[in-house]
>>> print(open('start15.cif').read())   # mmCIF, C-alpha atoms and all ligand atoms
data_final
#
loop_
_atom_site.label_atom_id
_atom_site.label_comp_id
_atom_site.auth_asym_id
_atom_site.auth_seq_id
_atom_site.Cartn_x
_atom_site.Cartn_y
_atom_site.Cartn_z
CA MET A 1 101.27 126.63 115.51
CA THR A 2 100.98 123.65 113.20
CA THR A 3 97.51 122.32 112.45
CA ILE A 4 96.89 118.59 112.90
CA ASN A 5 93.84 117.02 111.22
CA LEU A 6 92.59 113.93 113.04
CA PRO A 7 90.70 110.89 111.76
CA THR A 8 87.36 110.10 113.45
CA ILE A 9 88.87 107.23 115.46
CA MET A 10 91.31 109.58 117.23
CA ARG A 11 88.84 112.35 118.05
CA GLN A 12 87.68 110.49 121.18
CA HIS A 13 90.95 111.71 122.72
CA THR A 14 90.38 115.38 121.89
CA GLY A 15 86.80 115.77 123.09
CA GLY A 16 85.60 115.37 119.52
CA ALA A 17 87.84 118.07 118.02
CA LYS A 18 88.67 117.36 114.40
CA LYS A 19 91.62 119.74 114.21
CA ILE A 20 94.09 120.65 116.91
CA THR A 21 97.20 122.82 116.90
CA ALA A 22 100.61 122.32 118.49
CA SER A 23 104.09 123.82 118.29
CA GLY A 24 107.38 122.26 117.32
CA ARG A 25 110.21 122.45 114.80
CA THR A 26 109.69 118.92 113.50
CA VAL A 27 106.77 116.50 113.16
CA GLY A 28 108.19 114.59 116.14
CA GLU A 29 108.29 117.73 118.30
CA VAL A 30 104.73 118.59 117.29
CA PHE A 31 103.66 115.06 118.28
CA SER A 32 105.43 115.43 121.66
CA ALA A 33 103.48 118.64 122.24
CA VAL A 34 100.27 116.83 121.22
CA GLY A 35 101.13 114.08 123.73
CA HIS A 36 101.52 116.73 126.41
CA ASP A 37 98.07 118.21 125.70
CA TYR A 38 96.35 114.90 124.86
CA PRO A 39 98.29 112.00 126.46
CA LYS A 40 96.05 109.24 125.01
CA LEU A 41 96.44 110.65 121.53
CA GLY A 42 100.18 110.97 122.02
CA GLU A 43 100.36 107.24 122.80
CA GLN A 44 98.70 106.45 119.47
CA LEU A 45 101.27 108.49 117.59
CA THR A 46 104.31 106.72 119.00
CA SER A 47 105.35 103.08 118.64
CA PRO A 48 107.04 101.33 121.58
CA GLU A 49 110.34 101.66 119.63
CA GLY A 50 109.85 105.43 119.46
CA GLY A 51 109.11 105.70 115.73
CA LEU A 52 105.84 106.09 113.90
CA PRO A 53 103.36 103.23 114.50
CA VAL A 54 102.91 100.92 111.50
CA PHE A 55 99.17 101.45 111.24
CA VAL A 56 99.31 105.23 111.16
CA ASN A 57 100.08 107.34 108.10
CA VAL A 58 101.14 110.95 108.51
CA PHE A 59 101.03 113.53 105.76
CA LEU A 60 102.74 116.89 105.94
CA ASP A 61 100.66 118.93 103.51
CA ASP A 62 100.57 116.52 100.53
CA GLU A 63 103.60 114.37 101.38
CA ASP A 64 103.80 111.12 103.33
CA ILE A 65 106.46 111.80 105.99
CA ARG A 66 107.81 108.25 105.52
CA TYR A 67 109.16 109.55 102.19
CA LEU A 68 110.50 112.73 103.80
CA ASP A 69 112.54 112.58 107.02
CA GLY A 70 109.91 110.80 109.08
CA LEU A 71 109.43 112.32 112.53
CA ASP A 72 112.50 114.55 111.90
CA THR A 73 110.74 116.29 109.01
CA PRO A 74 110.79 120.06 109.67
CA VAL A 75 107.48 121.92 109.98
CA ASP A 76 106.55 125.57 110.19
CA GLU A 77 103.61 127.66 111.37
CA ARG A 78 101.68 127.14 108.16
CA SER A 79 102.23 123.39 108.00
CA ASP A 80 99.21 121.18 107.86
CA ILE A 81 99.57 117.64 109.22
CA THR A 82 96.96 114.98 108.45
CA ILE A 83 96.90 111.71 110.37
CA LEU A 84 95.24 108.72 108.72
CA PRO A 85 94.66 105.20 109.97
CA ALA A 86 96.10 102.56 107.62
CA VAL A 87 93.11 100.94 105.93
CA ALA A 88 93.86 97.30 105.29
CA GLY A 89 92.38 93.84 105.46
CA GLY A 90 92.38 90.44 103.86
CA MET B 1 71.47 99.07 111.80
CA THR B 2 70.73 100.14 108.28
CA THR B 3 72.95 101.99 105.82
CA ARG B 4 71.41 103.53 102.74
CA LEU B 5 73.31 103.94 99.49
CA ALA B 6 72.40 105.03 95.98
CA ALA B 7 71.67 102.11 93.65
CA GLY B 8 74.52 103.12 91.35
CA MET B 9 77.05 102.63 94.15
CA ARG B 10 76.47 98.88 94.19
CA GLU B 11 77.31 98.76 90.48
CA GLN B 12 80.30 101.04 91.06
CA MET B 13 81.79 98.74 93.71
CA ILE B 14 81.14 95.61 91.62
CA LYS B 15 82.66 97.25 88.56
CA HIS B 16 85.79 98.10 90.56
CA ALA B 17 85.94 94.50 91.88
CA TYR B 18 85.83 93.15 88.29
CA ALA B 19 88.43 95.67 87.13
CA CYS B 20 90.87 94.57 89.86
CA HIS B 21 90.10 90.83 89.67
CA PRO B 22 91.91 88.51 90.50
CA GLU B 23 93.39 91.04 92.94
CA GLU B 24 91.32 92.42 95.81
CA SER B 25 89.73 95.77 95.09
CA CYS B 26 89.18 98.42 97.75
CA GLY B 27 87.81 101.90 98.31
CA LEU B 28 86.40 104.37 100.79
CA LEU B 29 82.86 105.57 101.55
CA ALA B 30 81.92 109.05 102.68
CA GLY B 31 78.78 110.69 103.98
CA PRO B 32 77.52 112.81 106.84
CA SER B 33 78.75 111.24 110.10
CA ASP B 34 76.27 108.53 111.20
CA GLY B 35 74.48 109.04 107.91
CA ASP B 36 74.04 107.46 104.53
CA VAL B 37 76.82 106.82 102.05
CA GLN B 38 76.91 109.71 99.60
CA LEU B 39 80.33 109.34 97.98
CA VAL B 40 82.25 106.25 96.84
CA PHE B 41 86.00 106.48 96.22
CA PRO B 42 87.49 103.46 94.43
CA THR B 43 91.17 103.29 95.42
CA THR B 44 94.33 101.37 94.54
CA ASN B 45 95.22 98.22 96.48
CA ILE B 46 98.93 98.92 96.94
CA LEU B 47 99.53 95.25 97.86
CA ARG B 48 98.29 94.09 94.41
CA SER B 49 97.24 90.86 96.13
CA SER B 50 94.36 88.41 95.72
CA THR B 51 94.26 87.78 99.48
CA ASN B 52 95.02 91.16 101.10
CA TYR B 53 94.50 94.84 100.54
CA THR B 54 95.89 98.13 101.77
CA ILE B 55 94.40 101.37 100.53
CA ASP B 56 96.90 103.77 98.96
CA PRO B 57 97.37 106.35 101.77
CA ARG B 58 97.75 109.15 99.21
CA GLU B 59 94.33 108.31 97.72
CA HIS B 60 92.93 108.13 101.25
CA LEU B 61 94.19 111.69 101.81
CA SER B 62 92.52 112.89 98.58
CA ALA B 63 89.26 111.20 99.58
CA ILE B 64 89.36 112.88 103.01
CA ARG B 65 89.91 116.27 101.44
CA GLU B 66 87.07 115.77 98.99
CA ALA B 67 84.76 114.56 101.76
CA ASP B 68 85.83 117.48 103.95
CA ALA B 69 85.03 119.99 101.21
CA ALA B 70 81.52 118.47 101.02
CA GLU B 71 81.23 118.60 104.85
CA MET B 72 81.30 114.81 105.03
CA GLU B 73 83.45 112.23 106.76
CA ILE B 74 84.93 108.92 105.71
CA ILE B 75 82.33 106.55 107.18
CA GLY B 76 83.38 103.22 105.77
CA VAL B 77 85.44 101.05 103.49
CA PHE B 78 84.66 98.44 100.85
CA HIS B 79 86.81 95.66 99.44
CA SER B 80 86.35 92.49 97.45
CA HIS B 81 86.99 88.81 98.09
CA PRO B 82 87.90 87.66 94.57
CA HIS B 83 87.26 83.98 95.22
CA THR B 84 85.34 83.72 98.46
CA VAL B 85 82.14 84.81 100.19
CA GLY B 86 81.52 88.41 101.14
CA TYR B 87 82.00 88.00 104.87
CA PRO B 88 84.80 89.66 106.90
CA SER B 89 87.90 87.50 107.25
CA VAL B 90 89.93 87.16 110.44
CA THR B 91 92.37 89.70 108.95
CA ASP B 92 89.50 92.11 108.19
CA VAL B 93 88.43 91.95 111.82
CA SER B 94 91.91 92.30 113.28
CA LEU B 95 92.83 95.27 111.07
CA ALA B 96 89.45 97.08 111.15
CA PRO B 97 90.56 100.69 111.68
CA ASP B 98 87.42 102.32 113.06
CA PRO B 99 84.46 100.89 115.05
CA THR B 100 82.15 103.63 113.73
CA TRP B 101 82.71 102.61 110.09
CA VAL B 102 80.56 100.38 107.93
CA TYR B 103 82.51 97.59 106.21
CA LEU B 104 81.23 96.46 102.82
CA VAL B 105 82.49 93.28 101.21
CA VAL B 106 81.97 92.31 97.57
CA GLY B 107 81.89 88.51 97.54
CA MET B 108 82.86 86.96 94.20
CA GLU B 109 82.59 83.26 95.02
CA ASN B 110 80.03 83.32 92.23
CA TYR B 111 81.95 85.36 89.67
CA GLU B 112 78.92 85.98 87.46
CA SER B 113 76.79 87.43 90.24
CA PRO B 114 78.80 89.08 93.03
CA SER B 115 77.13 89.94 96.32
CA VAL B 116 77.58 93.14 98.32
CA ARG B 117 77.09 92.80 102.08
CA GLY B 118 77.68 95.25 104.90
CA PHE B 119 78.97 94.76 108.43
CA ARG B 120 79.92 96.59 111.60
CA ILE B 121 83.10 95.41 113.27
CA ARG B 122 83.37 96.43 116.91
CA ASP B 123 85.72 94.93 119.51
CA GLY B 124 86.30 91.95 117.25
CA GLU B 125 82.55 91.29 116.86
CA ILE B 126 80.95 91.18 113.43
CA THR B 127 77.31 92.22 113.01
CA GLU B 128 75.59 92.33 109.66
CA GLU B 129 74.37 95.72 108.50
CA VAL B 130 71.22 96.04 106.41
CA LEU B 131 72.10 97.75 103.12
CA GLU B 132 69.35 99.61 101.29
CA PHE B 133 70.23 100.54 97.75
CA GLU B 134 67.85 103.22 96.60
CA GLU B 135 67.26 105.03 93.35
CA SER B 136 67.88 108.36 95.03
CA ILE B 137 68.99 109.26 98.53
CA THR B 138 68.74 112.63 100.15
ZN ZN C 201 88.28 90.79 103.41
#
>>> encode(input="start15.cif", output="structure tokens")
Amino acid sequence: MTTINLPTIMRQHTGGAKKITASGRTVGEVFSAVGHDYPKLGEQLTSPEGGLPVFVNVFLDDEDIRYLDGLDTPVDERSDITILPAVAGG
Amino acid sequence: MTTRLAAGMREQMIKHAYACHPEESCGLLAGPSDGDVQLVFPTTNILRSSTNYTIDPREHLSAIREADAAEMEIIGVFHSHPHTVGYPSVTDVSLAPDPTWVYLVVGMENYESPSVRGFRIRDGEITEEVLEFEESIT
């Protein structure tokens, strides 16, 4: 199982849990499994076009998956995914 | 509501705002959830802009890990307005990532004496937060 660390804003969808686990061979598969267990959270991890939403950053261990293979980035049992909201303003 | 911070944090945020001027400065705040600010993380504005900011996601990750190790959470964000008042802009409201966070703005309309004000931004509504800067917080 891959561990997924959630930001405070997303914990409302997991009953307050800060970390959850899910299985999959890629980040995208892990997110699909997350969507199965926590549908509301799954919606926040997918853009209408199917890719990663613009205002969400996803790190696999220490790497931003946008600079890896995005949702196709392979994961394993020891992988640690961290989801962060983009923090921006004017 | 009231948020307490250490007195040195005000200086730290103002110093970062001067260092980044004329670009907007930004950073993250950590503390116990629903508690006082105990850690300030100045970060890079990857937009390098005088009118917008985006926190470097990699630095956000480091801040989260440091906060986590101290059993704290990210509880807010600060940024500067290099030429205007320290009040959330329309963009600040529309992009506010978390309704539980406190949003601090360093207003530099008076370059010589910047202000630091705090706000809550929930459902598009801005409410001013009372900031208490204290010599020591527990
Ligand atoms: Zn602003």
>>> closest_residue(input="start15.cif", among="B:Ser94, B:Ser62, B:Ser113, B:Asn52", to="ligand ZN 201 (chain C)", atoms="only C-alpha atoms and all ligand atoms")
B:Asn52
>>> axis_aligned_box(input="start15.cif", around="stretch 118-124 of chain B", padding_each_side="8 Å", output="JSON")
{"center_x": 82.0, "center_y": 94.3, "center_z": 112.2, "size_x": 24.6, "size_y": 20.6, "size_z": 30.6}
>>> closest_residue(input="start15.cif", among="B:His81, B:Arg4, B:His21, B:Arg10", to="chain A", atoms="all atoms listed in the file")
B:His81
>>> residues_around(input="start15.cif", residues="B:Glu24", least_positions_apart="6", cutoff="9 Å", atoms="all atoms listed in the file", output="PDB file with C-alpha atoms, in the coordinates of the input")
ATOM      1  CA  GLY A  90      92.380  90.440 103.860  1.00  0.00           C
TER       2      GLY A  90
ATOM      3  CA  ALA B  17      85.940  94.500  91.880  1.00  0.00           C
ATOM      4  CA  ASN B  45      95.220  98.220  96.480  1.00  0.00           C
ATOM      5  CA  LEU B  47      99.530  95.250  97.860  1.00  0.00           C
ATOM      6  CA  ARG B  48      98.290  94.090  94.410  1.00  0.00           C
ATOM      7  CA  SER B  49      97.240  90.860  96.130  1.00  0.00           C
ATOM      8  CA  SER B  50      94.360  88.410  95.720  1.00  0.00           C
ATOM      9  CA  THR B  51      94.260  87.780  99.480  1.00  0.00           C
ATOM     10  CA  ASN B  52      95.020  91.160 101.100  1.00  0.00           C
ATOM     11  CA  TYR B  53      94.500  94.840 100.540  1.00  0.00           C
ATOM     12  CA  HIS B  79      86.810  95.660  99.440  1.00  0.00           C
ATOM     13  CA  SER B  80      86.350  92.490  97.450  1.00  0.00           C
ATOM     14  CA  HIS B  81      86.990  88.810  98.090  1.00  0.00           C
ATOM     15  CA  PRO B  82      87.900  87.660  94.570  1.00  0.00           C
TER      16      PRO B  82
END
>>> residues_near_point(input="start15.cif", point="(105.1, 126.7, 111.4)", cutoff="8 Å", atoms="all atoms listed in the file", output="PyMOL selection string")
chain A and resi 1-2+23-25+75-79
>>> residues_near_ligand(input="start15.cif", ligand="ligand ZN 201 (chain C)", cutoff="12 Å", atoms="all atoms listed in the file", output="mmCIF file with C-alpha atoms, keeping the file's coordinate frame")
data_model
loop_
_atom_site.group_PDB
_atom_site.id
_atom_site.type_symbol
_atom_site.label_atom_id
_atom_site.label_comp_id
_atom_site.auth_asym_id
_atom_site.auth_seq_id
_atom_site.Cartn_x
_atom_site.Cartn_y
_atom_site.Cartn_z
ATOM 1 C CA VAL A 87 93.110 100.940 105.930
ATOM 2 C CA ALA A 88 93.860 97.300 105.290
ATOM 3 C CA GLY A 89 92.380 93.840 105.460
ATOM 4 C CA GLY A 90 92.380 90.440 103.860
ATOM 5 C CA GLU B 23 93.390 91.040 92.940
ATOM 6 C CA GLU B 24 91.320 92.420 95.810
ATOM 7 C CA SER B 25 89.730 95.770 95.090
ATOM 8 C CA CYS B 26 89.180 98.420 97.750
ATOM 9 C CA SER B 49 97.240 90.860 96.130
ATOM 10 C CA SER B 50 94.360 88.410 95.720
ATOM 11 C CA THR B 51 94.260 87.780 99.480
ATOM 12 C CA ASN B 52 95.020 91.160 101.100
ATOM 13 C CA TYR B 53 94.500 94.840 100.540
ATOM 14 C CA THR B 54 95.890 98.130 101.770
ATOM 15 C CA VAL B 77 85.440 101.050 103.490
ATOM 16 C CA PHE B 78 84.660 98.440 100.850
ATOM 17 C CA HIS B 79 86.810 95.660 99.440
ATOM 18 C CA SER B 80 86.350 92.490 97.450
ATOM 19 C CA HIS B 81 86.990 88.810 98.090
ATOM 20 C CA PRO B 82 87.900 87.660 94.570
ATOM 21 C CA HIS B 83 87.260 83.980 95.220
ATOM 22 C CA THR B 84 85.340 83.720 98.460
ATOM 23 C CA VAL B 85 82.140 84.810 100.190
ATOM 24 C CA GLY B 86 81.520 88.410 101.140
ATOM 25 C CA TYR B 87 82.000 88.000 104.870
ATOM 26 C CA PRO B 88 84.800 89.660 106.900
ATOM 27 C CA SER B 89 87.900 87.500 107.250
ATOM 28 C CA VAL B 90 89.930 87.160 110.440
ATOM 29 C CA THR B 91 92.370 89.700 108.950
ATOM 30 C CA ASP B 92 89.500 92.110 108.190
ATOM 31 C CA VAL B 93 88.430 91.950 111.820
ATOM 32 C CA SER B 94 91.910 92.300 113.280
ATOM 33 C CA LEU B 95 92.830 95.270 111.070
ATOM 34 C CA ALA B 96 89.450 97.080 111.150
ATOM 35 C CA TYR B 103 82.510 97.590 106.210
ATOM 36 C CA LEU B 104 81.230 96.460 102.820
ATOM 37 C CA VAL B 105 82.490 93.280 101.210
ATOM 38 C CA VAL B 106 81.970 92.310 97.570
ATOM 39 C CA GLY B 107 81.890 88.510 97.540
ATOM 40 C CA MET B 108 82.860 86.960 94.200
ATOM 41 C CA ARG B 117 77.090 92.800 102.080
ATOM 42 C CA GLY B 118 77.680 95.250 104.900
ATOM 43 C CA PHE B 119 78.970 94.760 108.430
#
>>> interface_residues(input="start15.cif", of="chain A", to="chain B", cutoff="10 Å", atoms="only C-alpha atoms", output="MDAnalysis selection string")
chainID A and resid 7:10 55:59 61:64 82:90
>>> atom_distance(input="start15.cif", atom1="atom CA of A:Leu45", atom2="atom CA of B:Met72")
24.4 Å
>>> atom_distance(input="start15.cif", atom1="atom CA of B:Phe41", atom2="atom CA of B:Cys20")
14.4 Å
>>> atom_distance(input="start15.cif", atom1="atom CA of B:Val37", atom2="atom CA of B:Phe133")
10.1 Å
>>> residues_near_point(input="start15.cif", point="(103.4, 120.2, 123.2)", cutoff="12 Å", atoms="only C-alpha atoms", output="list in words")
Met1, Thr2, Ile20, Thr21, Ala22, Ser23, Gly24, Arg25, Thr26, Val27, Gly28, Glu29, Val30, Phe31, Ser32, Ala33, Val34, Gly35, His36, Asp37, Tyr38, Pro39, Leu41 and Gly42 of chain A
>>> closest_residue(input="start15.cif", among="B:Glu11, B:Asp36, B:Glu59, B:Glu109", to="B:Leu131", atoms="all atoms listed in the file")
B:Asp36
>>> build_atoms(input="start15.cif", residues="stretch 39-50 of chain A", atoms="all heavy atoms", output="PDB file, in the frame of the given file")
ATOM      1  N   PRO A  39      97.419 113.168 126.255  1.00  0.00           N
ATOM      2  CA  PRO A  39      98.290 112.000 126.460  1.00  0.00           C
ATOM      3  C   PRO A  39      97.849 110.732 125.707  1.00  0.00           C
ATOM      4  O   PRO A  39      98.674 110.056 125.113  1.00  0.00           O
ATOM      5  CB  PRO A  39      98.213 111.777 127.982  1.00  0.00           C
ATOM      6  CG  PRO A  39      97.828 113.102 128.543  1.00  0.00           C
ATOM      7  CD  PRO A  39      96.979 113.760 127.511  1.00  0.00           C
ATOM      8  N   LYS A  40      96.537 110.446 125.685  1.00  0.00           N
ATOM      9  CA  LYS A  40      96.050 109.240 125.010  1.00  0.00           C
ATOM     10  C   LYS A  40      96.326 109.297 123.515  1.00  0.00           C
ATOM     11  O   LYS A  40      96.651 108.292 122.883  1.00  0.00           O
ATOM     12  CB  LYS A  40      94.540 109.062 125.250  1.00  0.00           C
ATOM     13  CG  LYS A  40      94.215 108.581 126.651  1.00  0.00           C
ATOM     14  CD  LYS A  40      93.591 107.185 126.578  1.00  0.00           C
ATOM     15  CE  LYS A  40      93.621 106.440 127.892  1.00  0.00           C
ATOM     16  NZ  LYS A  40      92.850 107.121 128.950  1.00  0.00           N
ATOM     17  N   LEU A  41      96.175 110.483 122.955  1.00  0.00           N
ATOM     18  CA  LEU A  41      96.440 110.650 121.530  1.00  0.00           C
ATOM     19  C   LEU A  41      97.933 110.508 121.270  1.00  0.00           C
ATOM     20  O   LEU A  41      98.348 109.863 120.299  1.00  0.00           O
ATOM     21  CB  LEU A  41      95.934 112.030 121.068  1.00  0.00           C
ATOM     22  CG  LEU A  41      96.123 112.396 119.606  1.00  0.00           C
ATOM     23  CD1 LEU A  41      95.492 111.348 118.686  1.00  0.00           C
ATOM     24  CD2 LEU A  41      95.521 113.769 119.317  1.00  0.00           C
ATOM     25  N   GLY A  42      98.728 111.083 122.152  1.00  0.00           N
ATOM     26  CA  GLY A  42     100.180 110.970 122.020  1.00  0.00           C
ATOM     27  C   GLY A  42     100.631 109.517 121.958  1.00  0.00           C
ATOM     28  O   GLY A  42     101.478 109.158 121.151  1.00  0.00           O
ATOM     29  N   GLU A  43      99.996 108.661 122.790  1.00  0.00           N
ATOM     30  CA  GLU A  43     100.360 107.240 122.800  1.00  0.00           C
ATOM     31  C   GLU A  43     100.109 106.589 121.450  1.00  0.00           C
ATOM     32  O   GLU A  43     100.843 105.711 121.028  1.00  0.00           O
ATOM     33  CB  GLU A  43      99.514 106.480 123.846  1.00  0.00           C
ATOM     34  CG  GLU A  43      99.940 106.716 125.275  1.00  0.00           C
ATOM     35  CD  GLU A  43      98.915 106.184 126.279  1.00  0.00           C
ATOM     36  OE1 GLU A  43      98.144 105.266 125.925  1.00  0.00           O
ATOM     37  OE2 GLU A  43      98.892 106.714 127.403  1.00  0.00           O
ATOM     38  N   GLN A  44      99.042 107.044 120.761  1.00  0.00           N
ATOM     39  CA  GLN A  44      98.700 106.450 119.470  1.00  0.00           C
ATOM     40  C   GLN A  44      99.633 106.893 118.348  1.00  0.00           C
ATOM     41  O   GLN A  44      99.611 106.344 117.268  1.00  0.00           O
ATOM     42  CB  GLN A  44      97.273 106.812 119.102  1.00  0.00           C
ATOM     43  CG  GLN A  44      96.310 106.391 120.176  1.00  0.00           C
ATOM     44  CD  GLN A  44      95.019 105.858 119.622  1.00  0.00           C
ATOM     45  OE1 GLN A  44      94.593 106.224 118.530  1.00  0.00           O
ATOM     46  NE2 GLN A  44      94.406 104.967 120.354  1.00  0.00           N
ATOM     47  N   LEU A  45     100.399 107.942 118.633  1.00  0.00           N
ATOM     48  CA  LEU A  45     101.270 108.490 117.590  1.00  0.00           C
ATOM     49  C   LEU A  45     102.714 108.034 117.760  1.00  0.00           C
ATOM     50  O   LEU A  45     103.592 108.471 117.022  1.00  0.00           O
ATOM     51  CB  LEU A  45     101.197 110.030 117.603  1.00  0.00           C
ATOM     52  CG  LEU A  45      99.807 110.597 117.320  1.00  0.00           C
ATOM     53  CD1 LEU A  45      99.812 112.113 117.435  1.00  0.00           C
ATOM     54  CD2 LEU A  45      99.326 110.167 115.941  1.00  0.00           C
ATOM     55  N   THR A  46     102.954 107.188 118.752  1.00  0.00           N
ATOM     56  CA  THR A  46     104.310 106.720 119.000  1.00  0.00           C
ATOM     57  C   THR A  46     104.315 105.208 119.155  1.00  0.00           C
ATOM     58  O   THR A  46     103.490 104.658 119.883  1.00  0.00           O
ATOM     59  CB  THR A  46     104.853 107.318 120.324  1.00  0.00           C
ATOM     60  OG1 THR A  46     104.363 108.642 120.461  1.00  0.00           O
ATOM     61  CG2 THR A  46     106.364 107.342 120.336  1.00  0.00           C
ATOM     62  N   SER A  47     105.226 104.531 118.467  1.00  0.00           N
ATOM     63  CA  SER A  47     105.350 103.080 118.640  1.00  0.00           C
ATOM     64  C   SER A  47     106.247 102.844 119.853  1.00  0.00           C
ATOM     65  O   SER A  47     106.968 103.737 120.276  1.00  0.00           O
ATOM     66  CB  SER A  47     105.968 102.454 117.395  1.00  0.00           C
ATOM     67  OG  SER A  47     107.335 102.770 117.334  1.00  0.00           O
ATOM     68  N   PRO A  48     106.193 101.618 120.419  1.00  0.00           N
ATOM     69  CA  PRO A  48     107.040 101.330 121.580  1.00  0.00           C
ATOM     70  C   PRO A  48     108.529 101.577 121.287  1.00  0.00           C
ATOM     71  O   PRO A  48     109.293 101.923 122.178  1.00  0.00           O
ATOM     72  CB  PRO A  48     106.787  99.844 121.854  1.00  0.00           C
ATOM     73  CG  PRO A  48     105.444  99.568 121.248  1.00  0.00           C
ATOM     74  CD  PRO A  48     105.342 100.483 120.069  1.00  0.00           C
ATOM     75  N   GLU A  49     108.930 101.446 120.009  1.00  0.00           N
ATOM     76  CA  GLU A  49     110.340 101.660 119.630  1.00  0.00           C
ATOM     77  C   GLU A  49     110.651 103.143 119.454  1.00  0.00           C
ATOM     78  O   GLU A  49     111.781 103.513 119.162  1.00  0.00           O
ATOM     79  CB  GLU A  49     110.678 100.928 118.332  1.00  0.00           C
ATOM     80  CG  GLU A  49     110.543  99.414 118.395  1.00  0.00           C
ATOM     81  CD  GLU A  49     109.093  98.935 118.357  1.00  0.00           C
ATOM     82  OE1 GLU A  49     108.281  99.550 117.627  1.00  0.00           O
ATOM     83  OE2 GLU A  49     108.782  97.964 119.067  1.00  0.00           O
ATOM     84  N   GLY A  50     109.619 103.993 119.566  1.00  0.00           N
ATOM     85  CA  GLY A  50     109.850 105.430 119.460  1.00  0.00           C
ATOM     86  C   GLY A  50     109.546 106.021 118.098  1.00  0.00           C
ATOM     87  O   GLY A  50     109.425 107.223 117.970  1.00  0.00           O
TER      88      GLY A  50
END
